[in-house]
file input-v9.txt (compact mmCIF, C-alpha atoms)
# COMPACT_ATOMS: atom_id res chain seq x y z
CA MET A 27 -1.64 119.50 -97.68
CA TYR A 28 -5.28 119.15 -98.54
CA GLU A 29 -5.79 116.16 -96.24
CA GLU A 30 -5.39 118.31 -93.12
CA TYR A 31 -8.04 120.77 -94.28
CA ASP A 32 -10.30 117.93 -95.38
CA LEU A 33 -10.35 116.25 -91.94
CA THR A 34 -12.57 118.78 -90.17
CA ARG A 35 -16.05 117.59 -89.49
CA GLY A 36 -17.71 120.77 -90.77
CA ILE A 37 -16.06 120.45 -94.15
CA LYS A 38 -17.25 116.84 -94.49
CA MET A 39 -20.80 117.84 -93.62
CA LYS A 40 -20.68 120.65 -96.18
CA LYS A 41 -19.39 118.20 -98.78
CA ILE A 42 -22.29 115.84 -98.09
CA ALA A 43 -24.75 118.72 -98.33
CA VAL A 44 -23.19 119.91 -101.59
CA MET A 45 -23.28 116.38 -103.02
CA LEU A 46 -26.94 115.98 -102.04
CA PHE A 47 -27.78 119.40 -103.43
CA GLY A 48 -25.85 118.60 -106.59
CA SER A 49 -27.67 115.31 -107.00
CA ALA A 50 -31.02 117.02 -106.51
CA LEU A 51 -30.02 119.69 -109.00
CA MET A 52 -29.02 117.05 -111.53
CA VAL A 53 -32.30 115.17 -111.16
CA ALA A 54 -34.28 118.39 -111.45
CA GLY A 55 -32.18 119.48 -114.39
CA PHE A 56 -32.66 116.20 -116.22
CA ALA A 57 -36.39 116.44 -115.67
CA TYR A 58 -36.41 119.96 -117.09
CA SER A 59 -34.11 119.51 -120.08
CA GLN A 60 -31.07 117.37 -120.66
CA ASP A 61 -29.71 119.75 -123.28
CA ASN A 62 -29.19 122.62 -120.81
CA ILE A 63 -26.98 120.76 -118.32
CA LYS A 64 -23.21 120.99 -118.36
CA ILE A 65 -21.37 119.25 -115.54
CA GLY A 66 -17.70 119.05 -114.67
CA TYR A 67 -15.51 118.07 -111.77
CA VAL A 68 -12.23 119.09 -110.15
CA GLU A 69 -9.89 116.99 -108.04
CA MET A 70 -9.21 119.59 -105.36
CA ARG A 71 -6.45 117.61 -103.66
CA LYS A 72 -4.55 117.36 -106.92
CA ALA A 73 -5.16 121.02 -107.79
CA VAL A 74 -3.95 122.20 -104.37
CA ASN A 75 -0.87 119.98 -104.39
CA GLU A 76 0.18 120.49 -108.00
CA CYS A 77 -0.33 124.22 -108.53
CA LYS A 78 2.66 126.50 -108.02
CA ALA A 79 1.09 128.12 -104.96
CA GLY A 80 0.53 124.71 -103.37
CA GLN A 81 4.07 123.59 -104.09
CA ALA A 82 5.47 126.87 -102.70
CA ALA A 83 3.36 126.51 -99.56
CA ARG A 84 4.51 122.92 -99.11
CA ASP A 85 8.16 123.96 -99.57
CA ASN A 86 7.69 126.76 -97.03
CA ILE A 87 6.10 124.41 -94.50
CA GLU A 88 8.84 121.80 -95.03
CA LYS A 89 11.51 124.48 -94.46
CA SER A 90 9.77 125.57 -91.27
CA ALA A 91 9.60 121.94 -90.15
CA ARG A 92 13.34 121.46 -90.80
CA ASP A 93 14.15 124.65 -88.87
CA MET A 94 11.97 123.56 -85.96
CA GLN A 95 13.49 120.08 -86.00
CA ALA A 96 16.99 121.61 -85.82
CA LYS A 97 15.96 123.55 -82.68
CA ILE A 98 14.43 120.43 -81.17
CA ASP A 99 17.57 118.41 -81.90
CA LYS A 100 19.73 121.12 -80.31
CA GLU A 101 17.59 121.14 -77.16
CA LYS A 102 17.59 117.34 -77.02
CA LYS A 103 21.41 117.34 -77.11
CA LYS A 104 21.44 119.81 -74.22
CA LEU A 105 19.10 117.56 -72.23
CA ASP A 106 21.21 114.49 -73.03
CA SER A 107 24.30 116.35 -71.86
CA ILE A 108 22.58 117.42 -68.62
CA ARG A 109 21.44 113.83 -68.01
CA ALA A 110 24.91 112.41 -68.66
CA ASP A 111 26.46 114.99 -66.34
CA TYR A 112 23.90 114.18 -63.65
CA GLU A 113 24.48 110.43 -63.93
CA LYS A 114 28.20 110.99 -63.66
CA LYS A 115 27.96 113.22 -60.57
CA ALA A 116 24.95 111.58 -58.87
CA PRO A 117 26.92 109.08 -56.75
CA GLY A 118 28.79 111.92 -55.03
CA MET A 119 25.68 114.03 -54.35
CA SER A 120 23.62 114.15 -51.22
CA ASP A 121 20.01 112.95 -51.37
CA GLN A 122 18.75 116.55 -51.39
CA GLU A 123 21.11 117.52 -54.25
CA ARG A 124 19.95 114.53 -56.30
CA GLN A 125 16.29 115.40 -55.72
CA ASP A 126 16.92 119.04 -56.66
CA LYS A 127 18.76 118.05 -59.86
CA GLN A 128 16.06 115.53 -60.79
CA LYS A 129 13.36 118.15 -60.25
CA GLU A 130 15.30 120.68 -62.32
CA PHE A 131 15.79 118.10 -65.09
CA GLN A 132 12.07 117.19 -65.09
CA GLU A 133 11.17 120.88 -65.45
CA LYS A 134 13.50 121.14 -68.46
CA ILE A 135 11.89 118.06 -69.99
CA GLN A 136 8.45 119.62 -69.57
CA VAL A 137 9.64 122.83 -71.27
CA PHE A 138 11.10 120.69 -74.06
CA GLN A 139 7.83 118.81 -74.51
CA GLN A 140 5.89 122.09 -74.59
CA MET A 141 8.27 123.40 -77.26
CA ILE A 142 7.60 120.30 -79.39
CA ALA A 143 3.83 120.68 -78.97
CA GLU A 144 3.93 124.40 -79.83
CA ASN A 145 6.06 123.72 -82.91
CA GLN A 146 3.60 121.07 -84.11
CA LYS A 147 0.68 123.40 -83.51
CA THR A 148 2.43 126.19 -85.43
CA LEU A 149 3.15 123.87 -88.37
CA ASN A 150 -0.44 122.64 -88.43
CA GLU A 151 -1.76 126.22 -88.38
CA LYS A 152 0.57 127.22 -91.23
CA GLU A 153 -0.59 124.26 -93.27
CA VAL A 154 -4.28 124.94 -92.65
CA ASP A 155 -3.91 128.66 -93.43
CA ALA A 156 -1.99 128.00 -96.64
CA THR A 157 -4.45 125.34 -97.74
CA LYS A 158 -7.46 127.57 -97.00
CA LYS A 159 -6.04 130.40 -99.07
CA ILE A 160 -5.21 128.15 -102.01
CA PHE A 161 -8.57 126.39 -101.70
CA ASN A 162 -10.41 129.72 -101.80
CA ASP A 163 -8.37 130.87 -104.82
CA ILE A 164 -9.25 127.62 -106.61
CA LYS A 165 -12.93 128.04 -105.75
CA LYS A 166 -12.88 131.50 -107.39
CA ILE A 167 -11.21 130.07 -110.49
CA VAL A 168 -13.76 127.26 -110.66
CA ALA A 169 -16.62 129.76 -110.36
CA ASP A 170 -15.14 131.95 -113.11
CA LEU A 171 -14.58 128.89 -115.32
CA ALA A 172 -18.14 127.70 -114.74
CA LYS A 173 -19.60 131.08 -115.64
CA ALA A 174 -17.38 131.56 -118.69
CA ASP A 175 -17.99 128.07 -120.11
CA GLY A 176 -21.64 127.73 -119.11
CA TYR A 177 -21.36 124.93 -116.55
CA THR A 178 -24.47 124.12 -114.57
CA LEU A 179 -22.57 122.24 -111.88
CA ILE A 180 -18.94 121.59 -111.01
CA ILE A 181 -18.36 119.11 -108.21
CA GLU A 182 -15.31 118.01 -106.29
CA LYS A 183 -14.03 114.60 -107.27
CA THR A 184 -12.82 112.35 -104.49
CA ASP A 185 -12.25 108.62 -104.41
CA THR A 186 -15.87 108.07 -103.48
CA SER A 187 -17.78 111.02 -104.94
CA VAL A 188 -17.47 110.32 -108.67
CA LEU A 189 -17.77 106.67 -109.57
CA TYR A 190 -17.90 107.22 -113.32
CA SER A 191 -17.60 110.15 -115.66
CA LYS A 192 -17.49 110.65 -119.38
CA ASP A 193 -14.18 111.91 -120.80
CA GLY A 194 -13.92 115.67 -120.91
CA LEU A 195 -15.60 116.44 -117.61
CA ASP A 196 -12.36 116.70 -115.59
CA LEU A 197 -11.44 120.37 -115.24
CA THR A 198 -8.55 119.85 -112.82
CA GLU A 199 -5.73 120.58 -115.28
CA ARG A 200 -7.46 123.74 -116.50
CA VAL A 201 -7.85 124.91 -112.91
CA ILE A 202 -4.16 124.22 -112.19
CA GLU A 203 -3.16 126.15 -115.32
CA LYS A 204 -5.29 129.13 -114.28
CA MET A 205 -3.89 129.00 -110.74
CA ASN A 206 -0.35 128.99 -112.12
CA ALA A 207 -1.17 131.93 -114.40
CA GLN A 208 -2.15 134.11 -111.43
CA LYS A 209 0.33 136.72 -110.19
call {"tool": "encode", "arguments": {"input": "input-v9.txt", "output": "structure tokens"}}
result
Amino acid sequence: MYEEYDLTRGIKMKKIAVMLFGSALMVAGFAYSQDNIKIGYVEMRKAVNECKAGQAARDNIEKSARDMQAKIDKEKKKLDSIRADYEKKAPGMSDQERQDKQKEFQEKIQVFQQMIAENQKTLNEKEVDATKKIFNDIKKIVADLAKADGYTLIIEKTDTSVLYSKDGLDLTERVIEKMNAQK
């Protein structure tokens, strides 16, 4: 789920800016006083995918996808039936009848293709909306956790953003627990 949200260019630029700001903050903080800095990180992808809200959203999207696929399969069978009927009757048709039937069939294929594209767009929008809501809820929890526990900085851990960390800095499980405790 998170991958779709993560692919937008604006989000990547914000991440880079946050990482640069975080790095500058860390350097400034170390220069000021090492004793006052408390840093943690959260694996957002894991938090989004493993919290109850994320699992429910994924289940909902998968159900929608199955429902849409059933409609697509039904329409495909109709088109296959129309094609088979055409191929069976084509030898006995005049040239004009064949052209009319081919044109009619092509129009139905275009409608079918539009239906597939609209279904994909709808699924993508549902996924992005669900991910945004969960992401925002997690951000609020992270902010509350940071304030309550006196963190100076909490960053997002990705495969490339945190190369090493001391044990105890990963707040992901705590965030998931707090997400699951909501509502």
call {"tool": "closest_residue", "arguments": {"input": "input-v9.txt", "among": "A:Ala96, A:Ala156, A:Val168, A:Leu189", "to": "Asn75 in chain A", "atoms": "only C-alpha atoms"}}
result
A:Ala156
call {"tool": "residues_around", "arguments": {"input": "input-v9.txt", "residues": "Glu101 in chain A", "least_positions_apart": "4", "cutoff": "10 Å", "atoms": "all atoms listed in the file", "output": "PyMOL selection string"}}
result
chain A and resi 95-97+105-107+134-135+138+141
call {"tool": "atom_distance", "arguments": {"input": "input-v9.txt", "atom1": "CA of Glu151 in chain A", "atom2": "CA of Lys78 in chain A"}}
result
20.1 Å
call {"tool": "closest_residue", "arguments": {"input": "input-v9.txt", "among": "A:Glu182, A:Asp163, A:Glu113, A:Asp193", "to": "Gln208 in chain A", "atoms": "all atoms listed in the file"}}
result
A:Asp163
call {"tool": "residues_near_point", "arguments": {"input": "input-v9.txt", "point": "(16.6, 117.4, -67.5)", "cutoff": "10 Å", "atoms": "all atoms listed in the file", "output": "short mmCIF file (atom, residue, chain, number, x, y, z; two decimals) with C-alpha atoms, in the coordinates of the input"}}
result
data_model
loop_
_atom_site.label_atom_id
_atom_site.label_comp_id
_atom_site.auth_asym_id
_atom_site.auth_seq_id
_atom_site.Cartn_x
_atom_site.Cartn_y
_atom_site.Cartn_z
CA LYS A 102 17.59 117.34 -77.02
CA LYS A 104 21.44 119.81 -74.22
CA LEU A 105 19.10 117.56 -72.23
CA ASP A 106 21.21 114.49 -73.03
CA SER A 107 24.30 116.35 -71.86
CA ILE A 108 22.58 117.42 -68.62
CA ARG A 109 21.44 113.83 -68.01
CA ALA A 110 24.91 112.41 -68.66
CA TYR A 112 23.90 114.18 -63.65
CA LYS A 127 18.76 118.05 -59.86
CA GLN A 128 16.06 115.53 -60.79
CA LYS A 129 13.36 118.15 -60.25
CA GLU A 130 15.30 120.68 -62.32
CA PHE A 131 15.79 118.10 -65.09
CA GLN A 132 12.07 117.19 -65.09
CA GLU A 133 11.17 120.88 -65.45
CA LYS A 134 13.50 121.14 -68.46
CA ILE A 135 11.89 118.06 -69.99
CA GLN A 136 8.45 119.62 -69.57
CA VAL A 137 9.64 122.83 -71.27
CA PHE A 138 11.10 120.69 -74.06
#
call {"tool": "residues_around", "arguments": {"input": "input-v9.txt", "residues": "Asp85 in chain A", "least_positions_apart": "3", "cutoff": "12 Å", "atoms": "all atoms listed in the file", "output": "list of chain:residue names"}}
result
A:Met27, A:Asn75, A:Lys78, A:Ala79, A:Gly80, A:Gln81, A:Ala82, A:Glu88, A:Lys89, A:Ser90, A:Ala91, A:Arg92, A:Lys152, A:Glu153, A:Ala156
call {"tool": "closest_residue", "arguments": {"input": "input-v9.txt", "among": "A:Met70, A:Ile167, A:Ile98, A:Leu149", "to": "Asn86 in chain A", "atoms": "only C-alpha atoms"}}
result
A:Leu149
call {"tool": "atom_distance", "arguments": {"input": "input-v9.txt", "atom1": "CA of Gly176 in chain A", "atom2": "CA of Phe161 in chain A"}}
result
21.8 Å
call {"tool": "residues_around", "arguments": {"input": "input-v9.txt", "residues": "Arg200 in chain A", "least_positions_apart": "3", "cutoff": "10 Å", "atoms": "all atoms listed in the file", "output": "JSON, numbers by chain"}}
result
{"A": [68, 73, 167, 168, 171, 196, 197, 203, 204, 205, 206]}
call {"tool": "axis_aligned_box", "arguments": {"input": "input-v9.txt", "around": "range 167-171 of chain A", "padding_each_side": "4 Å", "output": "lines of an AutoDock Vina configuration file"}}
result
center_x = -13.9
center_y = 129.6
center_z = -112.8
size_x = 13.4
size_y = 12.7
size_z = 13.0
call {"tool": "atom_distance", "arguments": {"input": "input-v9.txt", "atom1": "CA of Val154 in chain A", "atom2": "CA of Ile202 in chain A"}}
result
19.6 Å
call {"tool": "decode", "arguments": {"input": "input-v9.txt", "residues": "range 117-137 of chain A", "atoms": "N, CA and C atoms", "output": "PDB file, in the first residue's frame"}}
result
ATOM      1  N   PRO A 117     -19.593 -15.657 -42.840  1.00  0.00           N
ATOM      2  CA  PRO A 117     -19.580 -16.094 -44.242  1.00  0.00           C
ATOM      3  C   PRO A 117     -20.902 -15.838 -44.981  1.00  0.00           C
ATOM      4  N   GLY A 118     -22.009 -15.816 -44.259  1.00  0.00           N
ATOM      5  CA  GLY A 118     -23.306 -15.603 -44.909  1.00  0.00           C
ATOM      6  C   GLY A 118     -23.734 -14.153 -44.966  1.00  0.00           C
ATOM      7  N   MET A 119     -22.902 -13.236 -44.463  1.00  0.00           N
ATOM      8  CA  MET A 119     -23.253 -11.813 -44.426  1.00  0.00           C
ATOM      9  C   MET A 119     -22.738 -11.096 -45.662  1.00  0.00           C
ATOM     10  N   SER A 120     -23.432 -10.022 -45.979  1.00  0.00           N
ATOM     11  CA  SER A 120     -22.937  -9.165 -47.063  1.00  0.00           C
ATOM     12  C   SER A 120     -21.740  -8.373 -46.533  1.00  0.00           C
ATOM     13  N   ASP A 121     -21.007  -7.747 -47.468  1.00  0.00           N
ATOM     14  CA  ASP A 121     -19.848  -6.944 -47.056  1.00  0.00           C
ATOM     15  C   ASP A 121     -20.250  -5.825 -46.101  1.00  0.00           C
ATOM     16  N   GLN A 122     -21.362  -5.184 -46.383  1.00  0.00           N
ATOM     17  CA  GLN A 122     -21.839  -4.076 -45.542  1.00  0.00           C
ATOM     18  C   GLN A 122     -22.210  -4.575 -44.144  1.00  0.00           C
ATOM     19  N   GLU A 123     -22.862  -5.738 -44.060  1.00  0.00           N
ATOM     20  CA  GLU A 123     -23.235  -6.308 -42.756  1.00  0.00           C
ATOM     21  C   GLU A 123     -21.983  -6.645 -41.951  1.00  0.00           C
ATOM     22  N   ARG A 124     -20.985  -7.216 -42.611  1.00  0.00           N
ATOM     23  CA  ARG A 124     -19.730  -7.545 -41.921  1.00  0.00           C
ATOM     24  C   ARG A 124     -19.053  -6.278 -41.383  1.00  0.00           C
ATOM     25  N   GLN A 125     -18.995  -5.238 -42.206  1.00  0.00           N
ATOM     26  CA  GLN A 125     -18.382  -3.987 -41.773  1.00  0.00           C
ATOM     27  C   GLN A 125     -19.143  -3.377 -40.592  1.00  0.00           C
ATOM     28  N   ASP A 126     -20.464  -3.420 -40.666  1.00  0.00           N
ATOM     29  CA  ASP A 126     -21.289  -2.881 -39.574  1.00  0.00           C
ATOM     30  C   ASP A 126     -21.058  -3.659 -38.274  1.00  0.00           C
ATOM     31  N   LYS A 127     -21.011  -4.974 -38.372  1.00  0.00           N
ATOM     32  CA  LYS A 127     -20.795  -5.821 -37.187  1.00  0.00           C
ATOM     33  C   LYS A 127     -19.384  -5.616 -36.625  1.00  0.00           C
ATOM     34  N   GLN A 128     -18.399  -5.486 -37.507  1.00  0.00           N
ATOM     35  CA  GLN A 128     -17.031  -5.251 -37.049  1.00  0.00           C
ATOM     36  C   GLN A 128     -16.929  -3.901 -36.335  1.00  0.00           C
ATOM     37  N   LYS A 129     -17.581  -2.886 -36.908  1.00  0.00           N
ATOM     38  CA  LYS A 129     -17.573  -1.563 -36.291  1.00  0.00           C
ATOM     39  C   LYS A 129     -18.254  -1.615 -34.919  1.00  0.00           C
ATOM     40  N   GLU A 130     -19.380  -2.280 -34.851  1.00  0.00           N
ATOM     41  CA  GLU A 130     -20.114  -2.423 -33.591  1.00  0.00           C
ATOM     42  C   GLU A 130     -19.258  -3.155 -32.550  1.00  0.00           C
ATOM     43  N   PHE A 131     -18.570  -4.204 -32.989  1.00  0.00           N
ATOM     44  CA  PHE A 131     -17.719  -4.978 -32.090  1.00  0.00           C
ATOM     45  C   PHE A 131     -16.542  -4.129 -31.595  1.00  0.00           C
ATOM     46  N   GLN A 132     -15.935  -3.342 -32.484  1.00  0.00           N
ATOM     47  CA  GLN A 132     -14.820  -2.476 -32.094  1.00  0.00           C
ATOM     48  C   GLN A 132     -15.269  -1.433 -31.069  1.00  0.00           C
ATOM     49  N   GLU A 133     -16.474  -0.911 -31.232  1.00  0.00           N
ATOM     50  CA  GLU A 133     -17.006   0.057 -30.267  1.00  0.00           C
ATOM     51  C   GLU A 133     -17.173  -0.601 -28.897  1.00  0.00           C
ATOM     52  N   LYS A 134     -17.638  -1.848 -28.877  1.00  0.00           N
ATOM     53  CA  LYS A 134     -17.810  -2.569 -27.615  1.00  0.00           C
ATOM     54  C   LYS A 134     -16.462  -2.856 -26.961  1.00  0.00           C
ATOM     55  N   ILE A 135     -15.449  -3.124 -27.773  1.00  0.00           N
ATOM     56  CA  ILE A 135     -14.103  -3.341 -27.238  1.00  0.00           C
ATOM     57  C   ILE A 135     -13.573  -2.053 -26.617  1.00  0.00           C
ATOM     58  N   GLN A 136     -13.818  -0.924 -27.261  1.00  0.00           N
ATOM     59  CA  GLN A 136     -13.372   0.354 -26.712  1.00  0.00           C
ATOM     60  C   GLN A 136     -14.050   0.643 -25.373  1.00  0.00           C
ATOM     61  N   VAL A 137     -15.348   0.375 -25.283  1.00  0.00           N
ATOM     62  CA  VAL A 137     -16.072   0.564 -24.022  1.00  0.00           C
ATOM     63  C   VAL A 137     -15.489  -0.352 -22.948  1.00  0.00           C
TER      64      VAL A 137
END
